[in-house]
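Enquirer: If it helps, the file is called work-v2.csv and holds CSV, C-alpha atoms:
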```csv
chain,number,residue,atom,x,y,z
A,203,ARG,CA,-53.1,-38.9,-28.5
A,204,PRO,CA,-54.4,-38.3,-25.0
A,205,ARG,CA,-54.7,-34.6,-25.7
A,206,ARG,CA,-56.6,-35.2,-28.9
A,207,CYS,CA,-59.0,-37.6,-27.1
A,208,LEU,CA,-59.7,-34.9,-24.5
A,209,GLN,CA,-60.2,-32.3,-27.1
A,210,LEU,CA,-62.8,-34.5,-28.8
A,211,LEU,CA,-64.4,-35.2,-25.4
A,212,ASP,CA,-64.5,-31.5,-24.6
A,213,GLU,CA,-66.2,-30.7,-27.9
A,214,CYS,CA,-68.9,-33.3,-27.5
A,215,GLU,CA,-71.4,-32.6,-24.8
A,216,THR,CA,-73.4,-35.8,-25.4
A,217,VAL,CA,-70.4,-37.9,-24.2
A,218,THR,CA,-70.6,-37.8,-20.4
A,219,THR,CA,-68.2,-40.5,-19.3
A,220,LEU,CA,-64.5,-41.1,-19.7
A,221,ASP,CA,-63.8,-44.8,-19.1
A,222,LEU,CA,-60.1,-45.8,-18.6
A,223,THR,CA,-59.3,-49.4,-19.2
A,224,GLY,CA,-56.6,-51.7,-20.5
A,225,GLY,CA,-55.3,-54.4,-18.2
A,226,ALA,CA,-53.8,-52.1,-15.6
A,227,PRO,CA,-54.6,-48.5,-16.8
A,228,GLU,CA,-53.2,-47.0,-13.6
A,229,LEU,CA,-49.7,-47.9,-14.6
A,230,CYS,CA,-50.0,-45.9,-17.8
A,231,ASP,CA,-47.9,-42.7,-17.7
A,232,GLU,CA,-50.9,-40.7,-18.9
A,233,PHE,CA,-53.5,-42.2,-16.5
A,234,ARG,CA,-53.5,-39.5,-13.9
A,235,TYR,CA,-53.5,-36.7,-16.5
A,236,LEU,CA,-56.5,-38.3,-18.3
A,237,ALA,CA,-58.4,-38.8,-15.1
A,238,ARG,CA,-57.7,-35.4,-13.7
A,239,ARG,CA,-58.5,-33.6,-17.0
A,240,GLY,CA,-61.7,-35.7,-17.5
A,241,ARG,CA,-63.0,-34.5,-14.2
A,242,GLU,CA,-62.0,-30.9,-14.9
A,243,LEU,CA,-64.2,-31.2,-18.0
A,244,GLY,CA,-67.1,-32.2,-15.8
A,245,ARG,CA,-67.2,-35.8,-17.0
A,246,THR,CA,-67.7,-39.0,-15.0
A,247,VAL,CA,-64.4,-40.9,-15.0
A,248,ILE,CA,-64.3,-44.6,-14.5
A,249,ASP,CA,-61.2,-46.6,-13.7
A,250,ARG,CA,-61.4,-50.3,-14.8
A,251,CYS,CA,-59.1,-51.0,-12.0
A,252,ASN,CA,-56.5,-53.7,-11.7
A,253,LEU,CA,-56.5,-54.1,-7.9
A,254,THR,CA,-53.0,-55.3,-7.7
A,255,ALA,CA,-51.8,-52.0,-9.2
A,256,LEU,CA,-52.6,-50.3,-6.0
A,257,LEU,CA,-49.7,-52.3,-4.4
A,258,GLU,CA,-47.1,-51.6,-7.0
A,259,PRO,CA,-44.1,-49.5,-6.1
A,260,GLY,CA,-44.8,-45.8,-6.9
A,261,GLN,CA,-48.5,-46.3,-6.5
A,262,GLU,CA,-48.8,-45.9,-2.8
A,263,ASP,CA,-50.9,-42.8,-3.2
A,264,LEU,CA,-53.2,-44.2,-5.9
A,265,ALA,CA,-56.2,-44.8,-3.7
A,266,ASP,CA,-55.9,-41.2,-2.4
A,267,PHE,CA,-55.6,-39.8,-5.9
A,268,LEU,CA,-58.7,-41.7,-7.1
A,269,ALA,CA,-60.7,-40.5,-4.1
A,270,ALA,CA,-59.6,-36.9,-4.5
A,271,GLN,CA,-60.7,-36.9,-8.2
A,272,ARG,CA,-63.9,-38.8,-7.3
A,273,VAL,CA,-63.1,-41.4,-9.9
A,274,GLN,CA,-65.5,-44.4,-10.0
A,275,VAL,CA,-63.7,-47.7,-9.5
A,276,VAL,CA,-64.8,-50.9,-11.3
A,277,ALA,CA,-62.6,-53.7,-10.2
A,278,SER,CA,-62.5,-57.4,-11.3
A,279,LEU,CA,-62.8,-60.0,-8.6
A,280,PRO,CA,-63.6,-63.3,-10.2
A,281,CYS,CA,-64.6,-64.9,-6.8
A,282,TYR,CA,-64.7,-64.3,-3.1
A,283,SER,CA,-62.5,-67.3,-2.5
A,284,ALA,CA,-58.7,-67.4,-2.8
A,285,LYS,CA,-58.6,-70.7,-4.6
A,286,ASN,CA,-60.8,-69.6,-7.5
A,287,VAL,CA,-59.1,-66.2,-8.0
A,288,ASN,CA,-55.6,-67.6,-7.8
A,289,THR,CA,-56.5,-70.3,-10.3
A,290,GLN,CA,-57.7,-67.8,-12.8
A,291,ARG,CA,-55.3,-64.9,-12.1
A,292,GLY,CA,-52.2,-66.5,-10.6
A,293,SER,CA,-50.8,-67.3,-7.1
A,294,GLY,CA,-51.1,-64.6,-4.6
A,295,VAL,CA,-53.4,-62.4,-6.6
A,296,PHE,CA,-56.4,-62.9,-4.3
A,297,ASP,CA,-54.5,-61.7,-1.2
A,298,LYS,CA,-53.3,-58.6,-3.1
A,299,SER,CA,-56.8,-57.9,-4.4
A,300,ILE,CA,-58.2,-58.0,-0.8
A,301,ALA,CA,-55.4,-55.7,0.4
A,302,ALA,CA,-56.3,-53.3,-2.4
A,303,LEU,CA,-60.0,-53.3,-1.6
A,304,LEU,CA,-59.3,-52.6,2.0
A,305,LYS,CA,-57.2,-49.6,0.9
A,306,LEU,CA,-60.1,-48.3,-1.2
A,307,ASN,CA,-62.5,-48.8,1.7
A,308,ALA,CA,-60.2,-46.9,3.9
A,309,VAL,CA,-60.4,-43.8,1.8
A,310,GLY,CA,-64.2,-44.1,1.6
A,311,TYR,CA,-64.9,-46.2,-1.5
A,312,GLY,CA,-68.0,-48.4,-1.2
A,313,ARG,CA,-69.1,-46.8,2.0
A,314,PRO,CA,-72.6,-45.2,2.3
A,315,ASP,CA,-72.9,-41.5,1.7
A,316,SER,CA,-69.2,-41.2,0.6
A,317,GLY,CA,-70.1,-40.6,-3.0
A,318,LEU,CA,-67.1,-42.9,-3.9
A,319,THR,CA,-68.4,-45.8,-6.0
A,320,LEU,CA,-66.7,-49.2,-5.9
A,321,ASP,CA,-68.2,-51.8,-8.2
A,322,LEU,CA,-66.9,-55.4,-8.5
A,323,VAL,CA,-67.0,-57.6,-11.6
A,324,TYR,CA,-67.4,-61.4,-11.8
A,325,ASN,CA,-66.7,-63.6,-14.7
A,326,PRO,CA,-66.9,-67.4,-14.8
A,327,LEU,CA,-63.9,-69.6,-14.5
A,328,GLY,CA,-64.8,-71.7,-17.5
A,329,ALA,CA,-67.1,-72.3,-20.5
A,330,PHE,CA,-70.4,-71.5,-18.8
A,331,LEU,CA,-72.7,-68.5,-18.4
A,332,PRO,CA,-72.5,-66.4,-15.2
A,333,PRO,CA,-75.3,-67.0,-12.6
A,334,GLU,CA,-78.1,-64.5,-11.8
A,335,GLN,CA,-76.5,-61.2,-10.9
A,336,ALA,CA,-78.6,-60.1,-7.9
A,337,GLN,CA,-78.2,-63.4,-6.0
A,338,LEU,CA,-74.5,-63.5,-6.6
A,339,GLU,CA,-74.1,-59.9,-5.5
A,340,GLU,CA,-75.7,-60.8,-2.1
A,341,LYS,CA,-73.3,-63.8,-1.8
A,342,TYR,CA,-70.3,-61.6,-2.5
A,343,ARG,CA,-71.6,-58.9,-0.1
A,344,ASP,CA,-72.1,-61.4,2.7
A,345,GLU,CA,-68.8,-63.2,2.2
A,346,LEU,CA,-66.5,-60.2,1.8
A,347,LEU,CA,-68.1,-58.3,4.7
A,348,ALA,CA,-68.0,-61.3,7.1
A,349,THR,CA,-64.5,-62.5,6.2
A,350,PHE,CA,-62.6,-59.3,5.5
A,351,GLY,CA,-64.9,-56.4,6.5
A,352,ILE,CA,-65.0,-55.2,2.8
A,353,VAL,CA,-67.9,-53.2,1.4
A,354,PHE,CA,-68.8,-52.3,-2.2
A,355,ASN,CA,-71.6,-50.8,-4.2
A,356,ASN,CA,-72.6,-53.2,-7.0
A,357,LEU,CA,-71.5,-56.5,-8.5
A,358,PHE,CA,-71.6,-56.9,-12.3
A,359,THR,CA,-71.5,-60.3,-13.9
A,360,ILE,CA,-70.0,-60.7,-17.4
A,361,THR,CA,-69.7,-63.5,-19.9
A,362,ASN,CA,-66.3,-64.8,-21.0
A,363,MET,CA,-65.8,-63.6,-24.6
A,364,PRO,CA,-64.8,-66.3,-27.1
A,365,ILE,CA,-61.7,-64.3,-28.3
A,366,LYS,CA,-58.0,-64.3,-27.8
A,367,ARG,CA,-56.6,-66.3,-24.8
A,368,PHE,CA,-60.0,-67.7,-23.8
A,369,ALA,CA,-60.8,-68.8,-27.4
A,370,ASP,CA,-57.4,-70.5,-27.6
A,371,PHE,CA,-58.1,-72.2,-24.2
A,372,LEU,CA,-61.4,-73.6,-25.5
A,373,TYR,CA,-59.9,-74.6,-28.8
A,374,ARG,CA,-57.1,-76.6,-27.1
A,375,ARG,CA,-59.8,-78.4,-25.1
A,376,ASN,CA,-62.0,-78.9,-28.2
A,377,GLU,CA,-64.8,-76.9,-26.5
A,378,LEU,CA,-64.9,-73.8,-28.7
A,379,GLU,CA,-67.8,-74.9,-30.9
A,380,GLU,CA,-69.8,-76.1,-27.8
A,381,TYR,CA,-69.3,-72.8,-26.1
A,382,MET,CA,-70.3,-70.8,-29.2
A,383,ASN,CA,-73.5,-73.0,-29.4
A,384,LEU,CA,-74.2,-72.2,-25.7
A,385,LEU,CA,-74.0,-68.4,-26.4
A,386,VAL,CA,-76.2,-68.7,-29.5
A,387,ARG,CA,-78.8,-70.8,-27.7
A,388,ASN,CA,-79.0,-68.2,-24.9
A,389,PHE,CA,-79.3,-65.2,-27.2
A,390,ASN,CA,-81.5,-62.6,-25.5
A,391,ALA,CA,-82.8,-59.8,-27.7
A,392,ASP,CA,-83.6,-57.7,-24.7
A,393,THR,CA,-79.9,-57.1,-24.1
A,394,ALA,CA,-79.4,-55.2,-27.4
A,395,ALA,CA,-80.6,-51.9,-26.0
A,396,ASN,CA,-77.7,-51.8,-23.5
A,397,LEU,CA,-74.8,-53.1,-25.6
A,398,MET,CA,-71.6,-51.0,-25.2
A,399,CYS,CA,-71.2,-50.6,-29.0
A,400,ARG,CA,-74.4,-48.5,-29.1
A,401,ASP,CA,-73.1,-45.7,-27.0
A,402,HIS,CA,-69.4,-46.2,-26.5
A,403,VAL,CA,-66.3,-45.2,-28.5
A,404,SER,CA,-63.3,-47.4,-27.8
A,405,VAL,CA,-59.9,-45.8,-28.5
A,406,GLY,CA,-56.7,-47.8,-28.6
A,407,TYR,CA,-53.3,-46.7,-27.3
A,408,ASP,CA,-52.4,-45.8,-30.8
A,409,GLY,CA,-55.5,-43.6,-31.3
A,410,LYS,CA,-57.4,-46.0,-33.5
A,411,VAL,CA,-61.2,-46.0,-33.0
A,412,PHE,CA,-63.4,-49.1,-32.5
A,413,ASP,CA,-67.0,-49.8,-31.6
A,414,CYS,CA,-66.2,-51.7,-28.4
A,415,ASP,CA,-63.3,-53.1,-26.3
A,416,PHE,CA,-63.7,-56.5,-27.9
A,417,ASN,CA,-63.5,-55.3,-31.5
A,418,GLN,CA,-60.4,-53.3,-30.4
A,419,GLN,CA,-58.8,-56.5,-29.2
A,420,LEU,CA,-59.6,-58.2,-32.5
A,421,GLN,CA,-58.6,-55.0,-34.5
A,422,ILE,CA,-62.0,-54.8,-36.2
A,423,GLY,CA,-62.4,-51.2,-37.2
A,424,VAL,CA,-65.6,-49.1,-37.4
A,425,VAL,CA,-67.9,-49.3,-40.3
A,426,ASP,CA,-67.2,-46.5,-42.9
A,427,GLY,CA,-69.6,-43.7,-43.7
A,428,ASP,CA,-71.0,-45.6,-46.6
A,429,GLY,CA,-72.1,-48.4,-44.3
A,430,THR,CA,-70.5,-51.2,-46.3
A,431,SER,CA,-66.8,-51.2,-45.5
A,432,THR,CA,-64.5,-51.2,-42.5
A,433,ALA,CA,-62.4,-48.1,-41.9
A,434,ALA,CA,-59.0,-47.8,-40.1
A,435,MET,CA,-60.1,-44.6,-38.3
A,436,ASP,CA,-58.1,-42.8,-35.6
A,437,VAL,CA,-58.8,-39.8,-33.4
A,438,PHE,CA,-56.7,-37.5,-35.6
A,439,GLY,CA,-58.9,-38.2,-38.7
A,440,LEU,CA,-62.1,-37.9,-36.7
A,441,GLN,CA,-63.6,-34.4,-36.9
A,442,SER,CA,-66.0,-35.0,-34.0
A,443,LEU,CA,-67.4,-37.8,-31.9
A,444,ASP,CA,-70.8,-36.8,-33.1
A,445,SER,CA,-69.8,-38.0,-36.6
A,446,LEU,CA,-69.9,-41.6,-35.4
A,447,SER,CA,-73.5,-41.3,-34.3
A,448,GLY,CA,-75.9,-43.4,-36.4
A,449,ARG,CA,-73.3,-45.7,-37.9
A,450,ARG,CA,-73.9,-49.4,-37.9
A,451,SER,CA,-71.7,-51.3,-35.4
A,452,ASN,CA,-69.3,-53.9,-36.8
A,453,THR,CA,-70.3,-57.3,-35.6
A,454,ASP,CA,-69.0,-60.9,-35.6
A,455,ASN,CA,-69.5,-64.2,-33.8
A,456,HIS,CA,-68.0,-62.9,-30.6
A,457,CYS,CA,-70.9,-60.5,-30.2
A,458,PHE,CA,-73.1,-63.4,-29.0
A,459,GLY,CA,-71.0,-63.1,-25.8
A,460,CYS,CA,-72.6,-59.8,-25.0
A,461,THR,CA,-76.1,-60.9,-25.9
A,462,ALA,CA,-76.2,-64.3,-24.1
A,463,GLY,CA,-78.4,-64.6,-20.9
A,464,MET,CA,-78.6,-61.4,-19.0
A,465,GLY,CA,-76.1,-59.6,-21.2
A,466,SER,CA,-72.4,-58.7,-20.7
A,467,SER,CA,-71.8,-55.1,-21.5
```
Using the file provided, produce a representation of the structure as structure tokens.
Expert:
Amino acid sequence: RPRRCLQLLDECETVTTLDLTGGAPELCDEFRYLARRGRELGRTVIDRCNLTALLEPGQEDLADFLAAQRVQVVASLPCYSAKNVNTQRGSGVFDKSIAALLKLNAVGYGRPDSGLTLDLVYNPLGAFLPPEQAQLEEKYRDELLATFGIVFNNLFTITNMPIKRFADFLYRRNELEEYMNLLVRNFNADTAANLMCRDHVSVGYDGKVFDCDFNQQLQIGVVDGDGTSTAAMDVFGLQSLDSLSGRRSNTDNHCFGCTAGMGSS
């Protein structure tokens, strides 16, 4: 499957970025092969980094590998305080995340003129929209630099999607309907131009193709060529990535998560 994905990438000049994601993509056996080959093909490669993976046994050279391949790192850090991160991710995760960020800084990530991009991602701890991105970025920058000496390039804020575990969490608290209403009330048509489903192709571990990461999690396939039905398409049945161009994206209620406020994808 990885080789077929790379073949499709190589044959489609309009796709300029290979984005590796999935919880802790660095721990996948094929991660380094995909990253290295993507760079050889002249593509930008992004690692949606699980920071704690840099501290796992056998990953001692991961930061050096990422730097050598000039991989862009996008890492989730829900807050700049230990209490909030550990509440969301588990005890001890904050300290490990800080240690990983220091390792990335040590090889040049986030530093001016290094060419090694380190972006952080914030998402709320509960059923509310993220704050204004630019102001929060400055707060992150000040706190991380003053407390830990950590530098980074950009902070992205994302909205919690009403799917899977978060949807279950809201349902148990009888807050799912209220949260969906919040997303709908804050619908922003200006976000539509930058939605990931407009220019991304999401490929699962099994080779199945989806419009976005969230449809992949929900197993909502792409719209078939006739524009009316959903197809269980995979990379082996796909003649080219260009064949997906112009198709209508498959949408559902969770899409309001990407279009609320300042957008989320």
Enquirer: Compile the contact shell of range 463-466 of chain A as a list in words: residues with an atom at most 6 Å away, counting only C-alpha atoms, same-chain residues fewer than 6 positions apart removed.
Expert: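 Near range 463-466 of chain A, the qualifying residues are Ile360, Thr361, Asn388, Asn390 and Thr393 of chain A.
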Enquirer: Rank A:Leu211, A:Ala265, A:Ala277, A:Leu253 by their smallest atom-to-atom distance to Leu306 in chain A, using only C-alpha atoms, and report the top residue only.
Expert: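 With only C-alpha atoms as the atom set, the closest residue is A:Ala265.
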Enquirer: Using all atoms listed in the file, which residue out of A:Leu385, A:Ile300, A:Leu440, A:Leu264 lies closest to Val403 in chain A?
Expert: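 For Val403 in chain A, the nearest of the candidates is A:Leu440.
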Enquirer: CA of Pro259 in chain A and CA of Asn325 in chain A are how many Å apart?
Expert: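 CA of Pro259 in chain A sits 28.0 Å away from CA of Asn325 in chain A.
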Enquirer: Could you work out how far CA of Gln290 in chain A lies from CA of Leu327 in chain A, giving the answer in Å with one decimal?
Expert: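 Between CA of Leu327 in chain A and CA of Gln290 in chain A the gap is 6.7 Å.
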Enquirer: How far is it from CA of Thr219 in chain A to CA of Arg245 in chain A, in Å with one decimal?
Expert: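 A separation of 5.3 Å between them.
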Enquirer: Hey, could you patch up range 205-216 of chain A with all heavy atoms and hand it over as a compact mmCIF listing (two decimals), keeping the file's coordinate frame?
Expert:
```
# COMPACT_ATOMS: atom_id res chain seq x y z
N ARG A 205 -54.24 -35.95 -25.54
CA ARG A 205 -54.70 -34.60 -25.70
C ARG A 205 -55.80 -34.47 -26.76
O ARG A 205 -56.79 -33.74 -26.61
CB ARG A 205 -53.59 -33.61 -25.91
CG ARG A 205 -52.74 -33.37 -24.65
CD ARG A 205 -51.41 -32.72 -24.93
NE ARG A 205 -50.71 -32.45 -23.70
CZ ARG A 205 -50.06 -33.37 -22.99
NH1 ARG A 205 -50.05 -34.64 -23.39
NH2 ARG A 205 -49.44 -33.04 -21.86
N ARG A 206 -55.60 -35.19 -27.84
CA ARG A 206 -56.60 -35.20 -28.90
C ARG A 206 -57.90 -35.85 -28.42
O ARG A 206 -59.00 -35.36 -28.71
CB ARG A 206 -56.07 -35.92 -30.14
CG ARG A 206 -57.08 -36.04 -31.28
CD ARG A 206 -57.63 -34.70 -31.71
NE ARG A 206 -58.60 -34.83 -32.80
CZ ARG A 206 -59.51 -33.93 -33.10
NH1 ARG A 206 -59.60 -32.80 -32.40
NH2 ARG A 206 -60.35 -34.13 -34.10
N CYS A 207 -57.79 -36.93 -27.66
CA CYS A 207 -59.00 -37.60 -27.10
C CYS A 207 -59.75 -36.62 -26.20
O CYS A 207 -60.98 -36.54 -26.26
CB CYS A 207 -58.58 -38.83 -26.31
SG CYS A 207 -57.98 -40.20 -27.32
N LEU A 208 -59.02 -35.89 -25.38
CA LEU A 208 -59.70 -34.90 -24.50
C LEU A 208 -60.28 -33.78 -25.23
O LEU A 208 -61.33 -33.26 -24.83
CB LEU A 208 -58.65 -34.45 -23.44
CG LEU A 208 -58.21 -35.51 -22.41
CD1 LEU A 208 -56.99 -35.02 -21.65
CD2 LEU A 208 -59.35 -35.84 -21.46
N GLN A 209 -59.64 -33.37 -26.33
CA GLN A 209 -60.20 -32.30 -27.10
C GLN A 209 -61.55 -32.75 -27.74
O GLN A 209 -62.54 -32.00 -27.71
CB GLN A 209 -59.25 -31.92 -28.26
CG GLN A 209 -59.76 -30.81 -29.16
CD GLN A 209 -58.82 -30.51 -30.32
OE1 GLN A 209 -57.86 -31.24 -30.57
NE2 GLN A 209 -59.10 -29.43 -31.04
N LEU A 210 -61.58 -33.98 -28.27
CA LEU A 210 -62.80 -34.50 -28.80
C LEU A 210 -63.90 -34.62 -27.73
O LEU A 210 -65.07 -34.33 -27.96
CB LEU A 210 -62.58 -35.89 -29.45
CG LEU A 210 -61.79 -35.90 -30.76
CD1 LEU A 210 -61.39 -37.33 -31.12
CD2 LEU A 210 -62.61 -35.28 -31.89
N LEU A 211 -63.49 -35.04 -26.54
CA LEU A 211 -64.40 -35.20 -25.40
C LEU A 211 -64.99 -33.79 -25.04
O LEU A 211 -66.19 -33.64 -24.82
CB LEU A 211 -63.71 -35.78 -24.22
CG LEU A 211 -64.53 -35.99 -22.95
CD1 LEU A 211 -65.66 -36.98 -23.19
CD2 LEU A 211 -63.62 -36.47 -21.81
N ASP A 212 -64.12 -32.81 -24.98
CA ASP A 212 -64.50 -31.50 -24.60
C ASP A 212 -65.53 -30.87 -25.58
O ASP A 212 -66.45 -30.12 -25.21
CB ASP A 212 -63.29 -30.56 -24.50
CG ASP A 212 -63.60 -29.19 -23.93
OD1 ASP A 212 -64.59 -29.06 -23.17
OD2 ASP A 212 -62.85 -28.25 -24.22
N GLU A 213 -65.38 -31.24 -26.86
CA GLU A 213 -66.20 -30.70 -27.90
C GLU A 213 -67.54 -31.40 -28.09
O GLU A 213 -68.38 -30.97 -28.89
CB GLU A 213 -65.45 -30.65 -29.23
CG GLU A 213 -64.23 -29.72 -29.22
CD GLU A 213 -63.36 -29.89 -30.44
OE1 GLU A 213 -63.60 -30.85 -31.22
OE2 GLU A 213 -62.43 -29.08 -30.62
N CYS A 214 -67.74 -32.50 -27.36
CA CYS A 214 -68.90 -33.30 -27.50
C CYS A 214 -69.68 -33.43 -26.21
O CYS A 214 -69.33 -34.26 -25.36
CB CYS A 214 -68.58 -34.70 -28.08
SG CYS A 214 -70.02 -35.72 -28.48
N GLU A 215 -70.71 -32.63 -26.03
CA GLU A 215 -71.40 -32.60 -24.80
C GLU A 215 -72.23 -33.86 -24.50
O GLU A 215 -72.56 -34.15 -23.35
CB GLU A 215 -72.36 -31.37 -24.73
CG GLU A 215 -71.63 -30.03 -24.75
CD GLU A 215 -72.58 -28.85 -24.66
OE1 GLU A 215 -73.81 -29.10 -24.66
OE2 GLU A 215 -72.10 -27.71 -24.60
N THR A 216 -72.55 -34.60 -25.54
CA THR A 216 -73.40 -35.80 -25.40
C THR A 216 -72.56 -36.96 -24.77
O THR A 216 -73.15 -37.94 -24.29
CB THR A 216 -73.99 -36.25 -26.68
OG1 THR A 216 -72.96 -36.51 -27.64
CG2 THR A 216 -74.93 -35.19 -27.21
```
